[in-house]
Structure formats: C-alpha cells, structure tokens
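To start, the structure under review is shown below, and the notes come after it.
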Amino acid sequence: MSETIVIAEIVKGAVHPTTSELITAANALGSQPTVIVPCADASVADAAAQYAGAGKVIAAKSDVFSNYDAAGWASALDAVAPAGVILTSASPQSKDLAARLAARRGISVVQDVVKIEGGHLTSPIYSGKAMQTVSLSSDAIVTVRPNVFDSSGTGGSGEVSVVDTSGNVATAVQEFMARASSRLDVAEANIIVSGGRGMGTPANFSHLETLADTIGAAVGASRAAVDTWDEIPHSMQVGQTGKTVNPNLYIAVGISGAIQHLAGMRSSKYIVAINKDADAPIFQHADYGIVASWEEALPVLQSSLASMMA
Amino acid sequence: MANIIVLVKQVPDTNARIAVSGDRVDLSAVKKVMSPYDEFAVETALQHRDSSGGEVTAITVGGAGADKVLKDAKAIGVDHIVRVDCDAELDSNALQSVLASAVSSLGADVVYCGKSAADTGAGSTGPGLAERLGWSSVSNTISVAYGDQLSVVMPASGGNARVNVPLPAVVSCDKGNIKVRKPNVKGIMQAKKAKVDVHNFEIPASTISVVSHSMPPAKPAGKSYQGGAAAAEVAQLLRDEANVI
C-alpha cells in the first residue's frame, strides 16, 4: 500500500473532530497517514496533532486558506502533499476540493466511502439504494462519509511541522449571508427532526422547531412538503434531490417514506418514525416506530425529552 | 454573447427501485431520465443565454442510447447537442479528461453542470473539469447572476455566500429557487428532427475498477408502538438504549 495523506477537515477555521475518523480510515488502508492541516494560522494544527494513529502532522500555512476557493486550495495543498492516497471528509466543500485536487494530479477520486476492507472501498450509489465496491490500481483521492468510521482517539505526539504554501485564488467572496435562524442546517446536524406532508400545514412545522430547539436538532422536510408549501425551503429537503444525511438520530414525523426520501436518510444511526398510517414504508426502516398522529405523539415526545434535557 | 456549454447525464429515474443481480446492479427494467440537478444546470444555461445572448450546447458522454437525454435538452431549448461517443464505464479521471477535450475543442466561456449525478452522487465532474481546463469553479450554487463575470450564491459555513467568479468557469448547480421550464410541442418536434453531433476523443484507461455491487445491509426490525402515549417510552429508549440524547 502506498503512503496515505489525510487533509484535515476545517470548519469555521478549526480542525473538525471528523478528522480523527479520516485517520481511522487511513489506518484501515494499512498505514499511518501524514495529516495536513490547511490553515492561515499554524496554531490551528495543534488540535490535529492530539489524534492517535497519525504519522507526522503538517500545518500547511497560507492566506489562501482564509476563505474557501477550490482552485486556490487545490494548488496550495498539491504543493505540500506527497504522492499517495489522499483522504478527505465527504462534506460538500471537501468533496469539491478532492475532485479539484485529483484532477490536478491526473488521478481519480472515490467519493463518499463508508467501508474499507482488504484495500477495497465501498460507497453508496443511487443515493444509498445500492452499494458499490471498487479497487484502486494507482494513487487516488478518497472522501470518507462523516459519522461512519470510529474516532482514532487521542494520544498523538502533539508535534507539528509548519510548511508555508501558496496558491492562486480565482473567486472572491463579496458577502456572507448568515442564515436567518440560528438553527443548524440538516447537513451539519447530529440530530434531525423532519416533517412531511402529514404535518397538514407549513405552520405546524413550528412544533418540529420547538422539539428541535429542545434537543439541539436541525429541522428537515420531505420533498412532498417542500414541493407543496412555499414556506418550506429546498434547503430543508432531505432525500435524493435534496440533502443526503447520516445523523445519529433522525425523527421522521408525518413522512410516509417515499423511496427518494429513504435514499437520503436511511443511513442514519437511529430512526424514529411517527405516522398515523401503520403501513407507511418509513416504519420498515425505523428503530422506533410510533403509529399515531403527530398531534397525539409529538407533545408527549416533546415533554419527555424536555424533562431529560432539563 | 456567451458561448455556453451544459453537461447532461442520463440516469435511472430517481423514483425507481434498484435491483442487484449477481454482483452488478440490474438497470434493464429501469426508465432513464435526465439527472435532476442537470435540469437546473440546463435552465441556468438557458437563462444565461436569454440574458446575454449567445448559444447553449449540451454535451453528454455515452453510447447511442444516451441520445435521448440530448433530445430532452433540445426540447427544452438548447441550441446544439453533442455526444462524446463512449460505451465504457469511466472513472472520474477518464471522464473529466474526455470532457476537457470536448470543451477545449468546442470552445466555451462557461460550463454549467448539476451539483452531482443522481446515480453516483459524487459531484466530481464540475470541479475536476475546471482544474483540467485551468478555469475557476464554484459548486452547489443556488443562484447565478450573469455579466462579464458571474455572481453566484452558494452555501458557506453558517449560511450562504455571494461569490464573484471570473470567466471562464465551471459552475455546478443545486436546486435553489429556480423553476425549470417544460418542453412545448414545438420544442419536442424540433428535438425529434435534431441531429446529434457525435465526437470521438482519446479516453485514458480507468484506474478505479468496480469489484461488485450489493444491496445496502438490511436493518434489523425495530420496535413498534401504537398510540402517541408510547412516545414517552421511546424518549427513554433514545437516552438509555440508543444513547443519542
């Protein structure tokens, strides 16, 4: 097996804990990875050096990394990363970076890997309706789904070497537009509360929001809800033409479980379904299924969880 | 006047069930459609043309069976349709190399594509193609304004960002608030008569090979409850059994 390199996942200027999952994935490929931390300030890399399972840790330092630009990041990282199999997170930004970096090196990319075994890589295809296992015959870039591999834990050497790098930035951010609500996006959340057309009216999503605020969750929606109600934006849509998510907990309320919705959330660790139709397909995928109207079940769930969180 | 290219891909209908026969997916009974995100890319390309003038060329890579997706694009209003002839399964490096050859040969100011194809979900083609062409790229855009350069809105940490993109560029499109136009009768008639321009380019060998396809691992049956009062017990289990609260 050739050398492995992990590009640390950077969220809001800091090393994200999914970076340690990437180290575990590199270990599964049979080597201790070199971890490269893209940063404008080298002290950011100290967090990555605490993780067990890594070889050396390099802070790739450049002003390029202040804002995300695919071309700039790919060129600056290409200058630092040795040849080998490169692993990044399968977050939207890092998938974009991985594709650009792979093209720069003239190698291929395998996206959304959820299993590594015997040098073979498995990813969901058709939004999780089937799985594809591939083998590599040369260096490649591999993106790894968050929340699938275990953390490598802590106990790393803590040593970081700093390498200055540079790249040509092509695009320019004019303004950031913060989300109107402080609530998490479904793509970033560990817990998601989703509503479907069974909620009856878009105004009833306020009950889901209350529950979400209680347990620190994001609010999602089915395509049926997004297509039916203008008040429910596409950014909330979970499913094949919306966002694919794999949180620790997915609570589906008034969602029947159309195949294209299941495709976007079936890999969630735990699924709770609340639906008054006992035959709804969502129940076949639920760890905990409650056959009841949301009007009946949601207040009970809300008060029970609220008393636990208190 | 803008010279605009849009990339389109034929994929299984997203509402279709996918079956695995032996160790390969069996798509023989599945209807093929334009990948949904490509519809947004086509609409964005047409709006760009309608705003600045110019022409839109739709490109796909595939065998003769893929002509249908080009005819669909033609029916919606693209000016030219081009198929890069290839029957083999390509990995990302091979596909992007062939597309880079096609875009260089046809010439373009901007290339639009869907944020990912509904079959692989990879999203590698747009940024990878841009890198090969030495162009700028942005991914997952939810709106595009056209001028000497593009001004796009795309997700950024904690919200969205408005970003200036110098041309030439490759833009991968998410759904956003865009409404996709439907083909009219005239468009459909024109598409029937339209000739697909078939090109051949050298295709590098793929270094990623498919070992097998399989169905996702089945989940053990969950616990089932009747009536809303059971939600209290479920809440307890979420904390004590699942450890997710």
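Going through the structure tokens in order, the chains are called A, B, and so on, while each chain numbers its residues from 1 and the ligands are numbered from 1 in the order shown.
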
Alpha helix (DSSP H) call set, DSSP backbone run, segment 233-283 of chain A, as a ChimeraX atom specification
/A:259-265

Dump as a PDB file, in the first residue's frame, selection limited to C-alpha atoms:
ATOM      1  CA  ILE A 259     -38.137   5.793  -1.894  1.00  0.00           C
ATOM      2  CA  GLN A 260     -36.426   9.052  -2.739  1.00  0.00           C
ATOM      3  CA  HIS A 261     -36.703  10.279   0.869  1.00  0.00           C
ATOM      4  CA  LEU A 262     -35.407   6.973   2.263  1.00  0.00           C
ATOM      5  CA  ALA A 263     -32.436   7.302  -0.071  1.00  0.00           C
ATOM      6  CA  GLY A 264     -31.383  10.486   1.700  1.00  0.00           C
ATOM      7  CA  MET A 265     -31.683   9.362   5.338  1.00  0.00           C
TER       8      MET A 265
END

Quick one: residues within 10 Å of segment 165-178 of chain A, only C-alpha atoms counted, chain neighbours fewer than 2 positions away excluded, as an NGL selection string?
(:A and (38 or 59-65 or 67-80 or 162-163 or 180-182)) or (:B and (135-138 or 150-167 or 169))

Ranking B:Gln236, B:Ser92, B:Gln10, B:Ser52 by minimum distance to Gly126 of chain B and counting only C-alpha atoms, which one comes first?
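Closest to Gly126 of chain B, using only C-alpha atoms: B:Ser92.
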
Residue contacts of Val110 of chain B (8 Å, only C-alpha atoms) excluding same-chain residues fewer than 4 positions away, as a VMD selection string:
chain B and resid 2 to 5 167 to 171

Those residues you just picked out, can you put them in a file as a PDB file, in the first residue's frame with N, CA, C and O atoms?
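The result, stored in again_30.pdb:
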ATOM      1  N   ALA B   2     -22.499  34.946 -25.251  1.00  0.00           N
ATOM      2  CA  ALA B   2     -21.766  33.949 -24.466  1.00  0.00           C
ATOM      3  C   ALA B   2     -21.833  32.594 -25.150  1.00  0.00           C
ATOM      4  O   ALA B   2     -22.857  32.221 -25.699  1.00  0.00           O
ATOM      5  N   ASN B   3     -20.709  31.909 -25.117  1.00  0.00           N
ATOM      6  CA  ASN B   3     -20.644  30.548 -25.616  1.00  0.00           C
ATOM      7  C   ASN B   3     -20.764  29.623 -24.401  1.00  0.00           C
ATOM      8  O   ASN B   3     -19.857  29.546 -23.587  1.00  0.00           O
ATOM      9  N   ILE B   4     -21.931  28.979 -24.288  1.00  0.00           N
ATOM     10  CA  ILE B   4     -22.279  28.260 -23.055  1.00  0.00           C
ATOM     11  C   ILE B   4     -22.381  26.766 -23.330  1.00  0.00           C
ATOM     12  O   ILE B   4     -23.019  26.349 -24.298  1.00  0.00           O
ATOM     13  N   ILE B   5     -21.760  25.988 -22.454  1.00  0.00           N
ATOM     14  CA  ILE B   5     -21.891  24.527 -22.537  1.00  0.00           C
ATOM     15  C   ILE B   5     -22.584  24.035 -21.273  1.00  0.00           C
ATOM     16  O   ILE B   5     -22.324  24.541 -20.177  1.00  0.00           O
ATOM     17  N   LEU B 167     -14.666  34.557 -15.469  1.00  0.00           N
ATOM     18  CA  LEU B 167     -14.806  33.598 -16.570  1.00  0.00           C
ATOM     19  C   LEU B 167     -13.446  33.425 -17.262  1.00  0.00           C
ATOM     20  O   LEU B 167     -12.639  34.345 -17.234  1.00  0.00           O
ATOM     21  N   PRO B 168     -13.198  32.256 -17.865  1.00  0.00           N
ATOM     22  CA  PRO B 168     -14.098  31.099 -17.955  1.00  0.00           C
ATOM     23  C   PRO B 168     -14.207  30.353 -16.635  1.00  0.00           C
ATOM     24  O   PRO B 168     -13.273  30.384 -15.842  1.00  0.00           O
ATOM     25  N   ALA B 169     -15.340  29.685 -16.457  1.00  0.00           N
ATOM     26  CA  ALA B 169     -15.581  28.987 -15.195  1.00  0.00           C
ATOM     27  C   ALA B 169     -16.489  27.789 -15.413  1.00  0.00           C
ATOM     28  O   ALA B 169     -17.232  27.729 -16.391  1.00  0.00           O
ATOM     29  N   VAL B 170     -16.408  26.845 -14.476  1.00  0.00           N
ATOM     30  CA  VAL B 170     -17.357  25.734 -14.421  1.00  0.00           C
ATOM     31  C   VAL B 170     -18.211  25.922 -13.168  1.00  0.00           C
ATOM     32  O   VAL B 170     -17.672  26.145 -12.084  1.00  0.00           O
ATOM     33  N   VAL B 171     -19.526  25.864 -13.347  1.00  0.00           N
ATOM     34  CA  VAL B 171     -20.468  26.109 -12.252  1.00  0.00           C
ATOM     35  C   VAL B 171     -21.326  24.869 -12.060  1.00  0.00           C
ATOM     36  O   VAL B 171     -22.015  24.443 -12.994  1.00  0.00           O
TER      37      VAL B 171
END

Close residues, Val134 of chain A itself excluded, 10 Å, only C-alpha atoms, min 2 positions apart in chain, as a PyMOL selection string:
(chain A and resi 110+116+119-123+132+136-137) or (chain B and resi 208-213)

If you run DSSP on the backbone, which residues of segment 38-175 of chain A are strand (DSSP E), as a PyMOL selection string?
chain A and resi 38-39+57-61+85-89+108-113+115-117+120-125+130-136+140-144+160-164+172-175

In Å, with one decimal, what is the gap from atom CA of Lys276 of chain A to atom CA of Gly128 of chain A?
26.3 Å

Residues near segment 173-180 of chain B, anyone? I mean within 7 Å using only C-alpha atoms, not counting same-chain ones fewer than 2 positions away, as a ChimeraX atom specification.
/A:234 /B:37,39-41,43,113-115,139-143,171,182

Just write the chosen residues, N, CA, C and O atoms, as a JSON list (two decimals), in the first residue's frame.
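As written to disk, part.json reads:
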[["chain", "number", "residue", "atom", "x", "y", "z"],
["A", 234, "HIS", "N", -36.19, 24.64, -0.07],
["A", 234, "HIS", "CA", -35.47, 23.45, -0.54],
["A", 234, "HIS", "C", -34.26, 23.13, 0.32],
["A", 234, "HIS", "O", -33.84, 21.98, 0.40],
["B", 37, "TYR", "N", -30.42, 17.29, -11.13],
["B", 37, "TYR", "CA", -29.64, 18.53, -10.98],
["B", 37, "TYR", "C", -29.21, 19.08, -12.34],
["B", 37, "TYR", "O", -29.00, 20.28, -12.48],
["B", 39, "GLU", "N", -31.11, 19.26, -14.82],
["B", 39, "GLU", "CA", -32.23, 20.10, -15.27],
["B", 39, "GLU", "C", -32.02, 21.54, -14.80],
["B", 39, "GLU", "O", -32.34, 22.48, -15.51],
["B", 40, "PHE", "N", -31.51, 21.69, -13.57],
["B", 40, "PHE", "CA", -31.25, 23.05, -13.07],
["B", 40, "PHE", "C", -30.10, 23.68, -13.85],
["B", 40, "PHE", "O", -30.10, 24.89, -14.11],
["B", 41, "ALA", "N", -29.11, 22.87, -14.21],
["B", 41, "ALA", "CA", -27.98, 23.38, -14.99],
["B", 41, "ALA", "C", -28.46, 23.84, -16.37],
["B", 41, "ALA", "O", -28.05, 24.90, -16.85],
["B", 43, "GLU", "N", -31.49, 24.83, -17.19],
["B", 43, "GLU", "CA", -32.29, 26.04, -17.01],
["B", 43, "GLU", "C", -31.38, 27.26, -16.77],
["B", 43, "GLU", "O", -31.60, 28.33, -17.36],
["B", 113, "CYS", "N", -23.09, 22.49, -14.95],
["B", 113, "CYS", "CA", -23.44, 21.09, -14.75],
["B", 113, "CYS", "C", -24.24, 20.97, -13.46],
["B", 113, "CYS", "O", -24.30, 21.91, -12.68],
["B", 114, "GLY", "N", -24.86, 19.81, -13.23],
["B", 114, "GLY", "CA", -25.56, 19.57, -11.98],
["B", 114, "GLY", "C", -24.56, 19.39, -10.86],
["B", 114, "GLY", "O", -23.41, 19.04, -11.10],
["B", 115, "LYS", "N", -24.98, 19.61, -9.61],
["B", 115, "LYS", "CA", -24.03, 19.52, -8.50],
["B", 115, "LYS", "C", -23.52, 18.09, -8.32],
["B", 115, "LYS", "O", -22.44, 17.88, -7.82],
["B", 139, "SER", "N", -19.17, 25.35, -6.72],
["B", 139, "SER", "CA", -20.04, 24.18, -6.66],
["B", 139, "SER", "C", -21.26, 24.45, -5.80],
["B", 139, "SER", "O", -21.21, 25.26, -4.88],
["B", 140, "ASN", "N", -22.34, 23.74, -6.12],
["B", 140, "ASN", "CA", -23.58, 23.77, -5.32],
["B", 140, "ASN", "C", -24.22, 25.16, -5.31],
["B", 140, "ASN", "O", -24.77, 25.59, -4.30],
["B", 141, "THR", "N", -24.16, 25.89, -6.43],
["B", 141, "THR", "CA", -24.73, 27.23, -6.45],
["B", 141, "THR", "C", -26.26, 27.16, -6.41],
["B", 141, "THR", "O", -26.87, 26.25, -6.95],
["B", 142, "ILE", "N", -26.86, 28.15, -5.73],
["B", 142, "ILE", "CA", -28.32, 28.21, -5.67],
["B", 142, "ILE", "C", -28.87, 29.40, -6.45],
["B", 142, "ILE", "O", -30.07, 29.51, -6.64],
["B", 143, "SER", "N", -28.00, 30.32, -6.90],
["B", 143, "SER", "CA", -28.44, 31.32, -7.86],
["B", 143, "SER", "C", -27.24, 31.87, -8.60],
["B", 143, "SER", "O", -26.12, 31.86, -8.08],
["B", 171, "VAL", "N", -19.53, 25.86, -13.35],
["B", 171, "VAL", "CA", -20.47, 26.11, -12.25],
["B", 171, "VAL", "C", -21.33, 24.87, -12.06],
["B", 171, "VAL", "O", -22.02, 24.44, -12.99],
["B", 182, "LYS", "N", -40.60, 23.68, -18.99],
["B", 182, "LYS", "CA", -41.01, 22.39, -19.57],
["B", 182, "LYS", "C", -40.97, 22.51, -21.09],
["B", 182, "LYS", "O", -41.16, 23.60, -21.64]]

For chain A, which of B:Cys86, B:Leu7, B:Val30, B:Val20 is the closest residue, counting only C-alpha atoms?
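Among the listed residues, B:Val20 lies closest to chain A.
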
Identify which of the residues B:Val33, B:Ile203, B:Ala16, B:Leu70 lies closest to chain A, counting only C-alpha atoms when measuring atom-to-atom distances.
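Ranked by minimum distance to chain A, first place goes to B:Ala16.
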